[in-house]
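Here is final.cif, consisting of mmCIF, N, CA and C atoms and all ligand atoms:
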data_protein
#
loop_
_atom_site.label_atom_id
_atom_site.label_comp_id
_atom_site.auth_asym_id
_atom_site.auth_seq_id
_atom_site.Cartn_x
_atom_site.Cartn_y
_atom_site.Cartn_z
N MET A 1 -13.47 -16.16 9.78
CA MET A 1 -14.68 -15.98 10.58
C MET A 1 -15.50 -14.83 10.00
N PRO A 2 -16.78 -15.04 9.77
CA PRO A 2 -17.60 -13.97 9.19
C PRO A 2 -17.71 -12.76 10.11
N ILE A 3 -17.84 -11.62 9.50
CA ILE A 3 -17.98 -10.36 10.22
C ILE A 3 -19.35 -9.78 9.86
N SER A 4 -20.13 -9.39 10.85
CA SER A 4 -21.45 -8.82 10.58
C SER A 4 -21.34 -7.32 10.34
N ILE A 5 -21.94 -6.89 9.27
CA ILE A 5 -22.00 -5.46 8.95
C ILE A 5 -23.47 -5.07 8.88
N LYS A 6 -23.79 -3.94 9.46
CA LYS A 6 -25.18 -3.48 9.37
C LYS A 6 -25.28 -2.35 8.35
N PHE A 7 -26.25 -2.49 7.46
CA PHE A 7 -26.51 -1.45 6.46
C PHE A 7 -27.82 -0.76 6.79
N LEU A 8 -27.73 0.54 7.02
CA LEU A 8 -28.91 1.37 7.24
C LEU A 8 -29.27 2.01 5.89
N PRO A 9 -30.43 2.52 5.65
CA PRO A 9 -31.52 2.64 6.62
C PRO A 9 -32.37 1.39 6.76
N GLU A 10 -32.08 0.34 6.01
CA GLU A 10 -32.95 -0.84 6.05
C GLU A 10 -32.59 -1.81 7.16
N ASN A 11 -31.53 -1.49 7.92
CA ASN A 11 -31.17 -2.35 9.04
C ASN A 11 -30.82 -3.77 8.61
N ARG A 12 -30.16 -3.90 7.46
CA ARG A 12 -29.82 -5.23 6.95
C ARG A 12 -28.48 -5.68 7.53
N LEU A 13 -28.48 -6.86 8.11
CA LEU A 13 -27.24 -7.44 8.62
C LEU A 13 -26.66 -8.35 7.55
N VAL A 14 -25.42 -8.12 7.20
CA VAL A 14 -24.75 -8.92 6.17
C VAL A 14 -23.53 -9.58 6.79
N GLU A 15 -23.41 -10.88 6.56
CA GLU A 15 -22.22 -11.61 7.01
C GLU A 15 -21.17 -11.50 5.91
N ALA A 16 -20.02 -10.99 6.25
CA ALA A 16 -18.99 -10.76 5.24
C ALA A 16 -17.68 -11.36 5.69
N SER A 17 -16.80 -11.56 4.71
CA SER A 17 -15.46 -12.03 5.05
C SER A 17 -14.48 -10.87 4.87
N GLN A 18 -13.36 -10.98 5.53
CA GLN A 18 -12.33 -9.94 5.47
C GLN A 18 -11.78 -9.78 4.06
N GLU A 19 -11.90 -10.83 3.25
CA GLU A 19 -11.31 -10.81 1.92
C GLU A 19 -12.12 -10.00 0.92
N GLU A 20 -13.40 -9.81 1.18
CA GLU A 20 -14.23 -9.09 0.22
C GLU A 20 -14.41 -7.63 0.65
N THR A 21 -14.82 -6.81 -0.32
CA THR A 21 -15.08 -5.41 0.03
C THR A 21 -16.50 -5.30 0.60
N LEU A 22 -16.76 -4.17 1.20
CA LEU A 22 -18.12 -3.91 1.69
C LEU A 22 -19.11 -3.96 0.53
N LEU A 23 -18.68 -3.45 -0.62
CA LEU A 23 -19.57 -3.45 -1.79
C LEU A 23 -19.86 -4.89 -2.23
N GLU A 24 -18.84 -5.72 -2.31
CA GLU A 24 -19.05 -7.10 -2.73
C GLU A 24 -19.99 -7.83 -1.77
N ALA A 25 -19.79 -7.62 -0.49
CA ALA A 25 -20.64 -8.29 0.50
C ALA A 25 -22.09 -7.81 0.38
N ALA A 26 -22.26 -6.51 0.22
CA ALA A 26 -23.61 -5.96 0.12
C ALA A 26 -24.33 -6.49 -1.12
N LEU A 27 -23.63 -6.48 -2.24
CA LEU A 27 -24.28 -6.92 -3.48
C LEU A 27 -24.62 -8.40 -3.43
N ARG A 28 -23.75 -9.18 -2.82
CA ARG A 28 -24.03 -10.63 -2.69
C ARG A 28 -25.33 -10.87 -1.94
N GLU A 29 -25.57 -10.03 -0.94
CA GLU A 29 -26.78 -10.18 -0.12
C GLU A 29 -27.93 -9.30 -0.63
N GLU A 30 -27.76 -8.78 -1.84
CA GLU A 30 -28.80 -7.97 -2.49
C GLU A 30 -29.17 -6.71 -1.73
N VAL A 31 -28.17 -6.13 -1.08
CA VAL A 31 -28.33 -4.78 -0.51
C VAL A 31 -28.00 -3.82 -1.65
N ASP A 32 -28.91 -2.93 -1.92
CA ASP A 32 -28.79 -2.09 -3.11
C ASP A 32 -27.86 -0.90 -2.86
N ILE A 33 -26.67 -0.98 -3.41
CA ILE A 33 -25.72 0.13 -3.33
C ILE A 33 -25.30 0.49 -4.75
N PRO A 34 -25.49 1.74 -5.16
CA PRO A 34 -25.05 2.13 -6.50
C PRO A 34 -23.55 1.90 -6.65
N HIS A 35 -23.13 1.53 -7.86
CA HIS A 35 -21.70 1.24 -8.07
C HIS A 35 -21.36 1.40 -9.54
N SER A 36 -21.56 2.60 -10.02
CA SER A 36 -21.44 2.87 -11.47
C SER A 36 -20.12 2.45 -12.08
N CYS A 37 -19.03 2.60 -11.36
CA CYS A 37 -17.72 2.29 -11.94
C CYS A 37 -17.34 0.81 -11.76
N GLY A 38 -18.21 0.06 -11.10
CA GLY A 38 -17.94 -1.35 -10.93
C GLY A 38 -16.98 -1.67 -9.81
N GLY A 39 -16.73 -0.72 -8.96
CA GLY A 39 -15.90 -0.98 -7.79
C GLY A 39 -14.45 -0.55 -7.93
N PHE A 40 -14.20 0.37 -8.85
CA PHE A 40 -12.81 0.82 -9.06
C PHE A 40 -12.48 2.12 -8.34
N GLY A 41 -13.43 2.63 -7.61
CA GLY A 41 -13.14 3.83 -6.80
C GLY A 41 -13.13 5.12 -7.58
N THR A 42 -13.78 5.12 -8.74
CA THR A 42 -13.71 6.33 -9.57
C THR A 42 -15.04 7.07 -9.71
N CYS A 43 -16.14 6.48 -9.27
CA CYS A 43 -17.44 7.15 -9.48
C CYS A 43 -18.00 7.79 -8.22
N GLY A 44 -17.70 7.24 -7.10
CA GLY A 44 -18.19 7.80 -5.83
C GLY A 44 -19.61 7.40 -5.48
N THR A 45 -20.26 6.62 -6.33
CA THR A 45 -21.66 6.30 -6.07
C THR A 45 -21.85 5.29 -4.93
N CYS A 46 -20.81 4.60 -4.54
CA CYS A 46 -20.92 3.61 -3.46
C CYS A 46 -20.61 4.24 -2.10
N ARG A 47 -20.57 5.55 -2.06
CA ARG A 47 -20.26 6.25 -0.80
C ARG A 47 -21.34 5.96 0.25
N VAL A 48 -20.88 5.71 1.46
CA VAL A 48 -21.80 5.53 2.59
C VAL A 48 -21.30 6.38 3.75
N TRP A 49 -22.17 6.57 4.72
CA TRP A 49 -21.79 7.24 5.95
C TRP A 49 -21.52 6.16 6.99
N VAL A 50 -20.37 6.17 7.58
CA VAL A 50 -20.05 5.21 8.64
C VAL A 50 -20.64 5.74 9.94
N ARG A 51 -21.59 5.02 10.48
CA ARG A 51 -22.28 5.45 11.70
C ARG A 51 -21.65 4.85 12.96
N GLU A 52 -21.08 3.67 12.83
CA GLU A 52 -20.35 3.05 13.95
C GLU A 52 -19.16 2.29 13.38
N GLY A 53 -18.06 2.34 14.09
CA GLY A 53 -16.89 1.55 13.71
C GLY A 53 -15.85 2.30 12.89
N LEU A 54 -16.04 3.60 12.72
CA LEU A 54 -15.08 4.36 11.91
C LEU A 54 -13.66 4.23 12.45
N ASP A 55 -13.54 4.16 13.77
CA ASP A 55 -12.21 4.07 14.38
C ASP A 55 -11.54 2.72 14.10
N ARG A 56 -12.31 1.76 13.64
CA ARG A 56 -11.71 0.45 13.34
C ARG A 56 -11.39 0.26 11.86
N LEU A 57 -11.86 1.18 11.03
CA LEU A 57 -11.51 1.10 9.61
C LEU A 57 -10.10 1.64 9.41
N PRO A 58 -9.34 1.03 8.51
CA PRO A 58 -8.01 1.57 8.24
C PRO A 58 -8.13 2.91 7.51
N PRO A 59 -7.05 3.68 7.48
CA PRO A 59 -7.07 4.94 6.74
C PRO A 59 -7.41 4.69 5.28
N ARG A 60 -7.89 5.73 4.61
CA ARG A 60 -8.23 5.60 3.20
C ARG A 60 -7.01 5.19 2.38
N ASN A 61 -7.25 4.32 1.39
CA ASN A 61 -6.17 4.02 0.46
C ASN A 61 -6.03 5.20 -0.52
N GLU A 62 -5.09 5.11 -1.42
CA GLU A 62 -4.79 6.23 -2.32
C GLU A 62 -5.98 6.58 -3.21
N VAL A 63 -6.64 5.54 -3.73
CA VAL A 63 -7.79 5.76 -4.62
C VAL A 63 -8.91 6.48 -3.87
N GLU A 64 -9.20 5.99 -2.68
CA GLU A 64 -10.29 6.58 -1.91
C GLU A 64 -9.93 8.00 -1.45
N GLN A 65 -8.69 8.19 -1.11
CA GLN A 65 -8.27 9.51 -0.64
C GLN A 65 -8.40 10.54 -1.76
N GLU A 66 -8.07 10.14 -2.97
CA GLU A 66 -8.19 11.07 -4.09
C GLU A 66 -9.65 11.49 -4.28
N MET A 67 -10.54 10.53 -4.21
CA MET A 67 -11.98 10.82 -4.34
C MET A 67 -12.44 11.71 -3.19
N ALA A 68 -12.02 11.39 -1.98
CA ALA A 68 -12.44 12.16 -0.80
C ALA A 68 -11.96 13.61 -0.89
N THR A 69 -10.76 13.80 -1.37
CA THR A 69 -10.23 15.15 -1.51
C THR A 69 -10.97 15.91 -2.60
N ASP A 70 -11.16 15.25 -3.74
CA ASP A 70 -11.86 15.89 -4.86
C ASP A 70 -13.26 16.35 -4.47
N ARG A 71 -13.95 15.50 -3.73
CA ARG A 71 -15.37 15.77 -3.45
C ARG A 71 -15.60 16.35 -2.06
N GLY A 72 -14.55 16.53 -1.30
CA GLY A 72 -14.71 17.13 0.02
C GLY A 72 -15.47 16.26 1.00
N PHE A 73 -15.20 14.96 0.97
CA PHE A 73 -15.87 14.04 1.90
C PHE A 73 -15.51 14.37 3.34
N ASP A 74 -16.48 14.20 4.23
CA ASP A 74 -16.19 14.21 5.66
C ASP A 74 -15.49 12.90 6.03
N ASP A 75 -14.92 12.88 7.22
CA ASP A 75 -14.19 11.68 7.65
C ASP A 75 -15.05 10.41 7.61
N HIS A 76 -16.34 10.55 7.93
CA HIS A 76 -17.21 9.37 8.01
C HIS A 76 -17.81 8.97 6.67
N GLU A 77 -17.45 9.66 5.61
CA GLU A 77 -17.91 9.29 4.27
C GLU A 77 -16.86 8.39 3.63
N ARG A 78 -17.24 7.14 3.38
CA ARG A 78 -16.28 6.17 2.87
C ARG A 78 -16.86 5.43 1.68
N LEU A 79 -15.98 4.89 0.87
CA LEU A 79 -16.41 4.16 -0.32
C LEU A 79 -16.50 2.67 0.00
N CYS A 80 -17.65 2.08 -0.29
CA CYS A 80 -17.82 0.65 -0.02
C CYS A 80 -16.88 -0.23 -0.84
N CYS A 81 -16.51 0.25 -2.02
CA CYS A 81 -15.67 -0.60 -2.88
C CYS A 81 -14.20 -0.56 -2.49
N GLN A 82 -13.84 0.33 -1.60
CA GLN A 82 -12.42 0.47 -1.23
C GLN A 82 -12.17 0.08 0.22
N ASN A 83 -13.17 -0.49 0.88
CA ASN A 83 -13.01 -0.86 2.28
C ASN A 83 -13.49 -2.28 2.53
N HIS A 84 -12.88 -2.88 3.52
CA HIS A 84 -13.20 -4.26 3.88
C HIS A 84 -13.91 -4.26 5.24
N PRO A 85 -14.64 -5.32 5.50
CA PRO A 85 -15.39 -5.39 6.75
C PRO A 85 -14.50 -5.33 7.98
N CYS A 86 -15.03 -4.74 9.02
CA CYS A 86 -14.40 -4.84 10.33
C CYS A 86 -15.54 -4.96 11.35
N ALA A 87 -15.21 -5.51 12.50
CA ALA A 87 -16.24 -5.81 13.49
C ALA A 87 -16.96 -4.55 13.94
N GLY A 88 -18.27 -4.68 14.08
CA GLY A 88 -19.06 -3.57 14.63
C GLY A 88 -19.36 -2.45 13.65
N LEU A 89 -19.15 -2.71 12.37
CA LEU A 89 -19.35 -1.64 11.39
C LEU A 89 -20.85 -1.45 11.10
N VAL A 90 -21.28 -0.20 11.18
CA VAL A 90 -22.64 0.18 10.80
C VAL A 90 -22.52 1.31 9.79
N VAL A 91 -23.06 1.10 8.61
CA VAL A 91 -22.96 2.13 7.57
C VAL A 91 -24.36 2.48 7.06
N GLU A 92 -24.50 3.72 6.65
CA GLU A 92 -25.79 4.16 6.13
C GLU A 92 -25.65 4.51 4.66
N ILE A 93 -26.53 3.93 3.87
CA ILE A 93 -26.54 4.21 2.43
C ILE A 93 -27.36 5.47 2.20
N PRO A 94 -26.78 6.48 1.57
CA PRO A 94 -27.55 7.71 1.33
C PRO A 94 -28.77 7.42 0.46
N THR A 95 -29.88 8.01 0.82
CA THR A 95 -31.06 7.84 -0.01
C THR A 95 -31.18 8.97 -1.02
N SER A 96 -30.36 9.99 -0.81
CA SER A 96 -30.33 11.13 -1.73
C SER A 96 -28.97 11.79 -1.62
N ASP A 97 -28.51 12.37 -2.71
CA ASP A 97 -27.22 13.05 -2.67
C ASP A 97 -27.28 14.35 -1.88
N PHE A 98 -28.47 14.74 -1.50
CA PHE A 98 -28.59 16.04 -0.85
C PHE A 98 -28.66 15.94 0.67
N GLU A 99 -28.51 14.74 1.23
CA GLU A 99 -28.54 14.58 2.68
C GLU A 99 -27.11 14.44 3.20
N ASP A 100 -26.95 14.66 4.47
CA ASP A 100 -25.67 14.29 5.10
C ASP A 100 -25.78 14.15 6.59
S1 LIG B 1 -18.26 1.68 -7.07
FE1 LIG B 1 -17.46 3.46 -7.98
S2 LIG B 1 -16.39 4.40 -6.36
FE2 LIG B 1 -17.11 2.58 -5.48
#

In structure tokens, what does this structure look like?
Ligand code: FES
Amino acid sequence: MPISIKFLPENRLVEASQEETLLEAALREEVDIPHSCGGFGTCGTCRVWVREGLDRLPPRNEVEQEMATDRGFDDHERLCCQNHPCAGLVVEIPTSDFED
């Protein structure tokens, strides 16, 4: 069953499956998310802020946790390439590295 994910700031609703990552779903629907490393969890450019649904995302995997520790991510900063859709997820794509 498809899961709707909302991407801010453009308010784009994307229908995704549990099998794909947030990054894969976004790119399929032409939502522009930087992804320099190609989805391997090593560049950090696909980082988003989770605005709703953080409590339904599973804990970070090892790859994401290493990045989060290295860069001092807040709890709501997650990598699109390392997470899968869950119901009610709303994420915001940073428009600049200097915002939070
Ligand atoms: S695409 Fe590089 S960390 Fe997600």

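Note that the spacing between atom C of His84 (chain A) and CA of Glu62 (chain A) amounts to 15.8 Å.
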
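Nearest to ligand LIG 1 (chain B) of all the residues A:Ile93, A:Cys43, A:Val63, A:Ala87 is A:Cys43, counting only N, CA and C atoms and all ligand atoms.
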
Do you know which residues are within 7 Å of ligand LIG 1 (chain B) using only C-alpha atoms and all ligand atoms? Can you write them as a VMD selection string?
-> chain A and resid 34 to 47 79 to 82

Give me a file of those residues, with N, CA and C atoms, as a tab-separated table (two decimals), keeping the file's coordinate frame.
chain	number	residue	atom	x	y	z
A	34	PRO	N	-25.49	1.74	-5.16
A	34	PRO	CA	-25.05	2.13	-6.50
A	34	PRO	C	-23.55	1.90	-6.65
A	35	HIS	N	-23.13	1.53	-7.86
A	35	HIS	CA	-21.70	1.24	-8.07
A	35	HIS	C	-21.36	1.40	-9.54
A	36	SER	N	-21.56	2.60	-10.02
A	36	SER	CA	-21.44	2.87	-11.47
A	36	SER	C	-20.12	2.45	-12.08
A	37	CYS	N	-19.03	2.60	-11.36
A	37	CYS	CA	-17.72	2.29	-11.94
A	37	CYS	C	-17.34	0.81	-11.76
A	38	GLY	N	-18.21	0.06	-11.10
A	38	GLY	CA	-17.94	-1.35	-10.93
A	38	GLY	C	-16.98	-1.67	-9.81
A	39	GLY	N	-16.73	-0.72	-8.96
A	39	GLY	CA	-15.90	-0.98	-7.79
A	39	GLY	C	-14.45	-0.55	-7.93
A	40	PHE	N	-14.20	0.37	-8.85
A	40	PHE	CA	-12.81	0.82	-9.06
A	40	PHE	C	-12.48	2.12	-8.34
A	41	GLY	N	-13.43	2.63	-7.61
A	41	GLY	CA	-13.14	3.83	-6.80
A	41	GLY	C	-13.13	5.12	-7.58
A	42	THR	N	-13.78	5.12	-8.74
A	42	THR	CA	-13.71	6.33	-9.57
A	42	THR	C	-15.04	7.07	-9.71
A	43	CYS	N	-16.14	6.48	-9.27
A	43	CYS	CA	-17.44	7.15	-9.48
A	43	CYS	C	-18.00	7.79	-8.22
A	44	GLY	N	-17.70	7.24	-7.10
A	44	GLY	CA	-18.19	7.80	-5.83
A	44	GLY	C	-19.61	7.40	-5.48
A	45	THR	N	-20.26	6.62	-6.33
A	45	THR	CA	-21.66	6.30	-6.07
A	45	THR	C	-21.85	5.29	-4.93
A	46	CYS	N	-20.81	4.60	-4.54
A	46	CYS	CA	-20.92	3.61	-3.46
A	46	CYS	C	-20.61	4.24	-2.10
A	47	ARG	N	-20.57	5.55	-2.06
A	47	ARG	CA	-20.26	6.25	-0.80
A	47	ARG	C	-21.34	5.96	0.25
A	79	LEU	N	-15.98	4.89	0.87
A	79	LEU	CA	-16.41	4.16	-0.32
A	79	LEU	C	-16.50	2.67	0.00
A	80	CYS	N	-17.65	2.08	-0.29
A	80	CYS	CA	-17.82	0.65	-0.02
A	80	CYS	C	-16.88	-0.23	-0.84
A	81	CYS	N	-16.51	0.25	-2.02
A	81	CYS	CA	-15.67	-0.60	-2.88
A	81	CYS	C	-14.20	-0.56	-2.49
A	82	GLN	N	-13.84	0.33	-1.60
A	82	GLN	CA	-12.42	0.47	-1.23
A	82	GLN	C	-12.17	0.08	0.22

Go ahead and compute the interatomic distance for CA of Glu29 (chain A) and CA of Val14 (chain A), in Å to one decimal.
-> 6.7 Å

Judged by only N, CA and C atoms, the minimum distance to Asp75 (chain A) among A:Ile33, A:Glu24, A:Val50, A:Leu89 is found for A:Val50

Closest of A:Met67, A:Val90, A:Ala26, A:Leu8 to Arg51 (chain A) - atom-to-atom distances counting only N, CA and C atoms | A:Val90

From the DSSP assignment of the backbone, select every residue of chain A that is alpha helix (DSSP H), and format the answer as a PyMOL selection string.
-> chain A and resi 22-28+62-71

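Atom C of Arg71 (chain A) is positioned 20.8 Å from CA of Leu22 (chain A).
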
Which of these, A:Val48, A:Thr95, A:Gly72, A:Asn83, has the shortest distance to Arg60 (chain A) once you count only C-alpha atoms?
->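 Using only C-alpha atoms, the shortest distance to Arg60 (chain A) belongs to A:Asn83.
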
List every protein, DNA or RNA residue that has an atom no more than 8 Å from (-12.3, 1.7, 7.4) in the file's coordinate frame, counting only C-alpha atoms, and report them as a PyMOL selection string.
-> chain A and resi 53-60+78+83-86

So that I have them on file, write out the residues from the current selection with N, CA and C atoms, as a CSV table (one decimal), in the frame of the given file.
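Output below, filename out38.csv:
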chain,number,residue,atom,x,y,z
A,53,GLY,N,-18.1,2.3,14.1
A,53,GLY,CA,-16.9,1.6,13.7
A,53,GLY,C,-15.8,2.3,12.9
A,54,LEU,N,-16.0,3.6,12.7
A,54,LEU,CA,-15.1,4.4,11.9
A,54,LEU,C,-13.7,4.2,12.4
A,55,ASP,N,-13.5,4.2,13.8
A,55,ASP,CA,-12.2,4.1,14.4
A,55,ASP,C,-11.5,2.7,14.1
A,56,ARG,N,-12.3,1.8,13.6
A,56,ARG,CA,-11.7,0.4,13.3
A,56,ARG,C,-11.4,0.3,11.9
A,57,LEU,N,-11.9,1.2,11.0
A,57,LEU,CA,-11.5,1.1,9.6
A,57,LEU,C,-10.1,1.6,9.4
A,58,PRO,N,-9.3,1.0,8.5
A,58,PRO,CA,-8.0,1.6,8.2
A,58,PRO,C,-8.1,2.9,7.5
A,59,PRO,N,-7.0,3.7,7.5
A,59,PRO,CA,-7.1,4.9,6.7
A,59,PRO,C,-7.4,4.7,5.3
A,60,ARG,N,-7.9,5.7,4.6
A,60,ARG,CA,-8.2,5.6,3.2
A,60,ARG,C,-7.0,5.2,2.4
A,78,ARG,N,-17.2,7.1,3.4
A,78,ARG,CA,-16.3,6.2,2.9
A,78,ARG,C,-16.9,5.4,1.7
A,83,ASN,N,-13.2,-0.5,0.9
A,83,ASN,CA,-13.0,-0.9,2.3
A,83,ASN,C,-13.5,-2.3,2.5
A,84,HIS,N,-12.9,-2.9,3.5
A,84,HIS,CA,-13.2,-4.3,3.9
A,84,HIS,C,-13.9,-4.3,5.2
A,85,PRO,N,-14.6,-5.3,5.5
A,85,PRO,CA,-15.4,-5.4,6.8
A,85,PRO,C,-14.5,-5.3,8.0
A,86,CYS,N,-15.0,-4.7,9.0
A,86,CYS,CA,-14.4,-4.8,10.3
A,86,CYS,C,-15.5,-5.0,11.4

Going by DSSP on the backbone, which bits of chain A are strand (DSSP E)? Write them as a compact mmCIF listing (two decimals) with N, CA and C atoms, keeping the file's coordinate frame, please.
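states32.txt, freshly written:
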# COMPACT_ATOMS: atom_id res chain seq x y z
N ILE A 3 -17.84 -11.62 9.50
CA ILE A 3 -17.98 -10.36 10.22
C ILE A 3 -19.35 -9.78 9.86
N SER A 4 -20.13 -9.39 10.85
CA SER A 4 -21.45 -8.82 10.58
C SER A 4 -21.34 -7.32 10.34
N ILE A 5 -21.94 -6.89 9.27
CA ILE A 5 -22.00 -5.46 8.95
C ILE A 5 -23.47 -5.07 8.88
N LYS A 6 -23.79 -3.94 9.46
CA LYS A 6 -25.18 -3.48 9.37
C LYS A 6 -25.28 -2.35 8.35
N PHE A 7 -26.25 -2.49 7.46
CA PHE A 7 -26.51 -1.45 6.46
C PHE A 7 -27.82 -0.76 6.79
N LEU A 8 -27.73 0.54 7.02
CA LEU A 8 -28.91 1.37 7.24
C LEU A 8 -29.27 2.01 5.89
N ARG A 12 -30.16 -3.90 7.46
CA ARG A 12 -29.82 -5.23 6.95
C ARG A 12 -28.48 -5.68 7.53
N LEU A 13 -28.48 -6.86 8.11
CA LEU A 13 -27.24 -7.44 8.62
C LEU A 13 -26.66 -8.35 7.55
N VAL A 14 -25.42 -8.12 7.20
CA VAL A 14 -24.75 -8.92 6.17
C VAL A 14 -23.53 -9.58 6.79
N GLU A 15 -23.41 -10.88 6.56
CA GLU A 15 -22.22 -11.61 7.01
C GLU A 15 -21.17 -11.50 5.91
N ALA A 16 -20.02 -10.99 6.25
CA ALA A 16 -18.99 -10.76 5.24
C ALA A 16 -17.68 -11.36 5.69
N ARG A 47 -20.57 5.55 -2.06
CA ARG A 47 -20.26 6.25 -0.80
C ARG A 47 -21.34 5.96 0.25
N VAL A 48 -20.88 5.71 1.46
CA VAL A 48 -21.80 5.53 2.59
C VAL A 48 -21.30 6.38 3.75
N TRP A 49 -22.17 6.57 4.72
CA TRP A 49 -21.79 7.24 5.95
C TRP A 49 -21.52 6.16 6.99
N VAL A 50 -20.37 6.17 7.58
CA VAL A 50 -20.05 5.21 8.64
C VAL A 50 -20.64 5.74 9.94
N ARG A 51 -21.59 5.02 10.48
CA ARG A 51 -22.28 5.45 11.70
C ARG A 51 -21.65 4.85 12.96
N GLU A 52 -21.08 3.67 12.83
CA GLU A 52 -20.35 3.05 13.95
C GLU A 52 -19.16 2.29 13.38
N GLU A 77 -17.45 9.66 5.61
CA GLU A 77 -17.91 9.29 4.27
C GLU A 77 -16.86 8.39 3.63
N ARG A 78 -17.24 7.14 3.38
CA ARG A 78 -16.28 6.17 2.87
C ARG A 78 -16.86 5.43 1.68
N LEU A 79 -15.98 4.89 0.87
CA LEU A 79 -16.41 4.16 -0.32
C LEU A 79 -16.50 2.67 0.00
N VAL A 90 -21.28 -0.20 11.18
CA VAL A 90 -22.64 0.18 10.80
C VAL A 90 -22.52 1.31 9.79
N VAL A 91 -23.06 1.10 8.61
CA VAL A 91 -22.96 2.13 7.57
C VAL A 91 -24.36 2.48 7.06
N GLU A 92 -24.50 3.72 6.65
CA GLU A 92 -25.79 4.16 6.13
C GLU A 92 -25.65 4.51 4.66

For Glu52 (chain A), which residue out of A:Ser4, A:Ala16, A:Gly88, A:Thr69 is the nearest one, using only N, CA and C atoms?
->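 Ranking A:Ser4, A:Ala16, A:Gly88, A:Thr69 by distance to Glu52 (chain A), first place goes to A:Gly88.
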
Determine, counting only N, CA and C atoms, every residue of protein, DNA or RNA that lies within 8 Å of (-22.8, -5.7, 2.4) in the file coordinates, then give the result as a compact mmCIF listing (two decimals) with N, CA and C atoms, in the frame of the given file.
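Output file part-v7.txt is given in full below:
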# COMPACT_ATOMS: atom_id res chain seq x y z
N ILE A 5 -21.94 -6.89 9.27
CA ILE A 5 -22.00 -5.46 8.95
C ILE A 5 -23.47 -5.07 8.88
N LYS A 6 -23.79 -3.94 9.46
CA LYS A 6 -25.18 -3.48 9.37
C LYS A 6 -25.28 -2.35 8.35
N PHE A 7 -26.25 -2.49 7.46
CA PHE A 7 -26.51 -1.45 6.46
C PHE A 7 -27.82 -0.76 6.79
N ARG A 12 -30.16 -3.90 7.46
CA ARG A 12 -29.82 -5.23 6.95
C ARG A 12 -28.48 -5.68 7.53
N LEU A 13 -28.48 -6.86 8.11
CA LEU A 13 -27.24 -7.44 8.62
C LEU A 13 -26.66 -8.35 7.55
N VAL A 14 -25.42 -8.12 7.20
CA VAL A 14 -24.75 -8.92 6.17
C VAL A 14 -23.53 -9.58 6.79
N GLU A 15 -23.41 -10.88 6.56
CA GLU A 15 -22.22 -11.61 7.01
C GLU A 15 -21.17 -11.50 5.91
N ALA A 16 -20.02 -10.99 6.25
CA ALA A 16 -18.99 -10.76 5.24
C ALA A 16 -17.68 -11.36 5.69
N THR A 21 -14.82 -6.81 -0.32
CA THR A 21 -15.08 -5.41 0.03
C THR A 21 -16.50 -5.30 0.60
N LEU A 22 -16.76 -4.17 1.20
CA LEU A 22 -18.12 -3.91 1.69
C LEU A 22 -19.11 -3.96 0.53
N LEU A 23 -18.68 -3.45 -0.62
CA LEU A 23 -19.57 -3.45 -1.79
C LEU A 23 -19.86 -4.89 -2.23
N GLU A 24 -18.84 -5.72 -2.31
CA GLU A 24 -19.05 -7.10 -2.73
C GLU A 24 -19.99 -7.83 -1.77
N ALA A 25 -19.79 -7.62 -0.49
CA ALA A 25 -20.64 -8.29 0.50
C ALA A 25 -22.09 -7.81 0.38
N ALA A 26 -22.26 -6.51 0.22
CA ALA A 26 -23.61 -5.96 0.12
C ALA A 26 -24.33 -6.49 -1.12
N LEU A 27 -23.63 -6.48 -2.24
CA LEU A 27 -24.28 -6.92 -3.48
C LEU A 27 -24.62 -8.40 -3.43
N ARG A 28 -23.75 -9.18 -2.82
CA ARG A 28 -24.03 -10.63 -2.69
C ARG A 28 -25.33 -10.87 -1.94
N GLU A 29 -25.57 -10.03 -0.94
CA GLU A 29 -26.78 -10.18 -0.12
C GLU A 29 -27.93 -9.30 -0.63
N GLU A 30 -27.76 -8.78 -1.84
CA GLU A 30 -28.80 -7.97 -2.49
C GLU A 30 -29.17 -6.71 -1.73
N VAL A 31 -28.17 -6.13 -1.08
CA VAL A 31 -28.33 -4.78 -0.51
C VAL A 31 -28.00 -3.82 -1.65
N ASP A 32 -28.91 -2.93 -1.92
CA ASP A 32 -28.79 -2.09 -3.11
C ASP A 32 -27.86 -0.90 -2.86

Hey, can I get the axis-aligned box for region 63-81 of chain A? All listed atoms, 8 Å padding on each side, centre and edge lengths in Å to one decimal, as lines of an AutoDock Vina configuration file.
center_x = -12.3
center_y = 8.3
center_z = 1.6
size_x = 27.3
size_y = 33.7
size_z = 28.9

Between A:Glu20, A:Asn11, A:Trp49, A:Asn61, which has the minimum distance to Glu77 (chain A) (counting all atoms listed in the file)?
->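 Comparing A:Glu20, A:Asn11, A:Trp49, A:Asn61 against Glu77 (chain A), the winner is A:Trp49.
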